[in-house]
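Colleague: Take a look at the following structure, please.
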Amino acid sequence: MADLEVYKNLSPEKVERCMSVMQSGTQMIKLKRGSKGLVRLFYLDEHRTRLRWRPSRKSEKAKILIDSIYKVTEGRQSEIFHRQAEGNFDPSCCFTIYHGNHMESLDLITSNPEEARTWITGLKYLMAGISDEDSLAKRQRTHDQWVKQTFEEADKNGDGLLNIEEIHQLMHKLNVNLPRRKVRQMFQEADTDENQGTLTFEEFCVFYKMMSLRRDLYLLLLSYSDKKDHLTVEELAQFLKVEQKMNNVTTDYCLDIIKKFEVSEENKVKNVLGIEGFTNFMRSPACDIFNPLHHEVYQDMDQPLCNYYIASSHNTYLTGDQLLSQSKVDMYARVLQEGCRCVEVDCWDGPDGEPVVHHGYTLTSKILFRDVVETINKHAFVKNEFPVILSIENHCSIQQQRKIAQYLKGIFRDKLDLSSVDTGECKQLPSPQSLKGKILVKGKKLPYHLGDDAEEGEVSDEDSADEIEDECKFKLHYNNGTTEHQVESFIRKKLESLLKESQIRDKEDPDSFTVRALLKATHEGLNAHLKQSPDVKESGKKSHGRSLMTNFGKHKKTTKSRSKSYSTDDEEDTQQNTVKEGGQLYRLGRRRKTMKLCRELSDLVVYTNSVAAQDIVDDGTTGNVLSFSETRAHQVVQQKSEQFMIYNQKQLTRIYPSAYRIDSSNFNPLPYWNAGCQLVALNYQSEGRMMQLNRAKFKTNGNCGYVLKPQQMCKGTFNPFSGDPLPANPKKQLILKVISGQQLPKPPDSMFGDRGEIIDPFVEVEIIGLPVDCCKDQTRVVDDNGFNPVWEETLTFTVHMPEIALVRFLVWDHDPIGRDFVGQRTVTFSSLVPGYRHVYLEGLTEASIFVHITINEIYGKWSPLILNPSYTILHFLGATKNRQLQGLKGLFNKNPRHSSAENNSHYVRKRSIGDRILRRTASAPAKGRKKSKMGFQEMVEIKDSVSEATRDQDGVLRRTTRSLQARPVSMPVDRNLLGALSLPVSETVKDTEGKENSLVQI
């Protein structure tokens, strides 16, 4: 963003001139892949938040948010421009807008250079304005934009006014289920101008505030204001100290809150905070669930590298799947600025002696290695200075390896010089602090016995983290008259259909191994020449090796040589012989894959030497990086988790996705973090549950890409699968009260869009950490209310190792045949702050849930049943032990679908339909229904109080029945709702007993 600084200081006249032209609209040619281009009118919307164009078949979706624009480039720089003939367009009339997570490009051509210059200047000015906003300014801006956009979309006839029918339609879209009489009453109160029967935008803002009045916040304010409608400075200070657990609350701090958030000028003069100001404050970043201090680096950064989790990317250059997607240098810029500190570069021989980066044996596009290095050099330290690890996957000839070394040295220069780095104690990796501004090259290193005068030598290539499995490789020659274009077209269609199929599934379902179906279709349809390799997984350890790490080399596939630069080690027995002894498979001999490596590239590797598992000797050396695919790593974690953790106290380990994940899906990183693995590499281009966990993990500590591992993982050891892994340590008890929701939208994949039914939301909270901590619980369902549902329900969890635990909030729309995903937010346990907090759902502008958080410490040896209500007699009957045994049974399973880390014992499966029905309890306000003190839910509990919680078949704790009445009346909102304040209560609770019984009988 450094190049945007210039645009912040443009003269007001120039800015307004650009904005005027952009909002009036400009006809431009939109270039598309495989077409001559389309003439469209592009314009900036009146709020200067979106770029739009018309005509378009996408209608409302034909827009690009200014917030989503990554960069704007001048001239013919994009791939699509490069495909056009040189003289087709004047470069001064061309520019490209890169936007979105996958760096999509919008390539535009104006009729003259002046128009192009105006658009480039205007867009960069808008981008500069939001590049350094503080969180409060951004929240206010996005809220204002949301309200304006909501008004415009409700204004169907475009007259700038909303009539009562348009308001009713808007209520349905916003998931508000209010009586029409009540809506009309608020409409009339807001309609104050001469033009009766319609609302202007200003009047709509008044109407929206009336509709959004928060009863829960109003009751909270009353409880601390002695039943007045405002808080004095002293009362506000009391609230902050008692409820929000804030220290050093001063009078000046409280006055500053009133100045920032109070709306009424009269209240500002009196130095009091009214309900609107209090609501603004409670919805501001100051009352977010995430600790604001953790937006900055706060951890000790002087420990060895192996003591940190390091944000790592796999196939960094790809924008999508591993077979057909585009490779882009801008992906490196994007992930580096997101906080990633380990990027992958797959190097292959390219034309004209220039090495290229792409995914080998596939149809992904190629980019120049030189361009990749230049991009990394430019963006590596823009957001933070902590070291970047360059994971080089080398598939090049000696000649092009030398070219790689030249580019690294010529472009990175002193960033590669590690001679002055302080390593502290002997045989210890340096710290992130001592490596600031440095780039570490992770790659192969020539063995020491060759001597310094050897220009090249052979190194093991058995740990290549990038190469796609042999059975997935594409050879670029075809039979039966087929062409490369036909093959690519066929595969693309197949892949797209499979991806669509996987998207239909539950958003939380991570199982997306689609390669089997794709390969089968490819084989049958085209008889393409795909290499076949025996899917043999063997297990065993060398009889002559004592080192623990020799055991990590097992379960390795045997494959043929991949290129001319590979050779077979003749010193080893090439015949595969196995014998069975004591139920284990032992390998007597095997083939070794090697490759030639040049001295220049080897010398650039200092602290990050890539090694194969069987090449590690436990001799105390430092600087080795062990690489595992997720499948092999899963076996090691299951069998030797404690030994693995000890290894990770001195060395680095990198875990990468299975080559079978052709759709670039991600595995569950949790088991490997639990074993102390530092470099757990994910596909950053693939959004979903696993990337959300990764993002939450590294957002803490200033999102600098380095998070300190718990002290227990850095020294000593423990069994992560134990029922009580750290008996001497205090445990944390999380008491989480889920109070209400705000502006929850319809599910993103709703078939009927905004016209669909009003949602029936419920909240699910999941603890993700050590296996003993993995647990989830949920609230009841609120019928027909997504705008302001109230749950008022308390969930309690006990966490043995809070330092690595994540807390995941999910909102679902209950459906008779399942559930639909609405939104989520995941936060590290250590970043939770106590008190009344809003949990804003990721990627949604206004949607949030309002909670109260209490965290207690529990000391001494307590029964798990007492600590965590979700522990039942099943735990004592050996559920944990059975879970581990189930995991061991699958170690030698050849199907990666079953041996993947995501399907291990830590993962939570979906609830059954019957289970969901049992948890459904109507709680939305409903007129004319009598209250029921005990619904079906409570009756079940009385009959079977033992089954308060159960474990699902994966061993994860799920609470299926739980008292909805036994909640601590310890918080102001509780006291108010139960009648401590004499307030009129118009809501009544639905009688659910009959409804629930009828559902169960079905």
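Labels used: A, B, ... for chains in the order of the structure tokens, numbers from 1 for residues in each chain, and numbers from 1 for ligands as shown.
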Give me the residues near range 431-437 of chain A as number ranges by chain, where near means some atom within 10 Å (using only C-alpha atoms) and where sequence neighbours in that chain fewer than 3 positions away do not count.
Modeller: A: 300-308, 380-381, 384-388, 414-416, 418, 420-424, 428, 440, 706
Colleague: Hey, what's within 7 Å of range 255-259 of chain A if we count only C-alpha atoms and toss same-chain stuff fewer than 2 positions away? As a PyMOL selection string, please?
Modeller: chain A and resi 233+251-253+261-262+268+271-273
Colleague: Apply DSSP to the structure's backbone, then extract all residues of range 209-405 of chain A labelled strand (DSSP E or B) and return them as a ChimeraX atom specification.
Modeller: /A:230-231,273-274,288,290,308-310,312-313,318,327,342-348,356-357,367-368,388-394
Colleague: Between CA of Gln824 in chain A and CA of Asn674 in chain A, what distance in Å does the model show, to one decimal?
Modeller: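 Those two atoms sit 22.9 Å apart.
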Colleague: Residues at most 7 Å from range 91-101 of chain A, counting only C-alpha atoms, excluding those fewer than 6 positions away in the same chain, as a list in words?
Modeller: Ser68, Ile69, Tyr70, Lys71, Val72, Thr73, Glu74, Gly75, Arg76, Ser78, Asp107, Leu108, Ile109, Thr110, Ser111, Asn112, Pro113, Ala116 and Gln685 of chain A
Colleague: Could you write out that same residue set with N, CA and C atoms as a short mmCIF file (atom, residue, chain, number, x, y, z; two decimals), in the first residue's frame?
Modeller:
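Wrote it out as part-v3.cif, contents follow:
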```
data_model
loop_
_atom_site.label_atom_id
_atom_site.label_comp_id
_atom_site.auth_asym_id
_atom_site.auth_seq_id
_atom_site.Cartn_x
_atom_site.Cartn_y
_atom_site.Cartn_z
N SER A 68 -12.69 -4.48 -1.79
CA SER A 68 -12.14 -5.76 -2.25
C SER A 68 -11.05 -5.60 -3.29
N ILE A 69 -10.79 -4.35 -3.73
CA ILE A 69 -9.76 -4.13 -4.77
C ILE A 69 -8.39 -4.25 -4.13
N TYR A 70 -7.57 -5.12 -4.71
CA TYR A 70 -6.22 -5.31 -4.19
C TYR A 70 -5.25 -4.31 -4.79
N LYS A 71 -5.31 -4.15 -6.11
CA LYS A 71 -4.45 -3.16 -6.75
C LYS A 71 -4.98 -2.82 -8.13
N VAL A 72 -4.50 -1.69 -8.65
CA VAL A 72 -4.83 -1.23 -10.00
C VAL A 72 -3.52 -1.03 -10.74
N THR A 73 -3.37 -1.67 -11.89
CA THR A 73 -2.13 -1.55 -12.66
C THR A 73 -2.39 -0.85 -13.99
N GLU A 74 -1.43 -0.07 -14.41
CA GLU A 74 -1.55 0.66 -15.67
C GLU A 74 -0.95 -0.16 -16.80
N GLY A 75 -1.47 0.06 -18.02
CA GLY A 75 -0.90 -0.59 -19.20
C GLY A 75 -1.37 -2.03 -19.37
N ARG A 76 -0.65 -2.75 -20.22
CA ARG A 76 -1.02 -4.11 -20.60
C ARG A 76 -0.23 -5.12 -19.76
N SER A 78 -1.59 -7.51 -17.41
CA SER A 78 -2.24 -8.75 -16.99
C SER A 78 -2.04 -9.86 -18.02
N ASP A 107 -10.07 -6.38 -16.82
CA ASP A 107 -9.18 -5.73 -17.78
C ASP A 107 -9.99 -4.79 -18.66
N LEU A 108 -9.64 -3.50 -18.61
CA LEU A 108 -10.45 -2.47 -19.26
C LEU A 108 -9.62 -1.63 -20.24
N ILE A 109 -10.30 -1.18 -21.30
CA ILE A 109 -9.67 -0.34 -22.32
C ILE A 109 -10.56 0.86 -22.55
N THR A 110 -10.01 2.06 -22.38
CA THR A 110 -10.77 3.30 -22.61
C THR A 110 -10.54 3.78 -24.04
N SER A 111 -11.32 4.78 -24.43
CA SER A 111 -11.19 5.31 -25.79
C SER A 111 -10.03 6.29 -25.93
N ASN A 112 -9.55 6.85 -24.79
CA ASN A 112 -8.40 7.76 -24.85
C ASN A 112 -7.61 7.68 -23.54
N PRO A 113 -6.33 8.05 -23.57
CA PRO A 113 -5.47 7.94 -22.37
C PRO A 113 -5.97 8.77 -21.18
N ALA A 116 -8.43 6.82 -19.05
CA ALA A 116 -7.74 5.79 -18.28
C ALA A 116 -7.04 6.40 -17.08
N GLN A 685 -5.78 -20.02 -1.03
CA GLN A 685 -6.78 -19.60 -2.02
C GLN A 685 -8.13 -20.27 -1.79
#
```
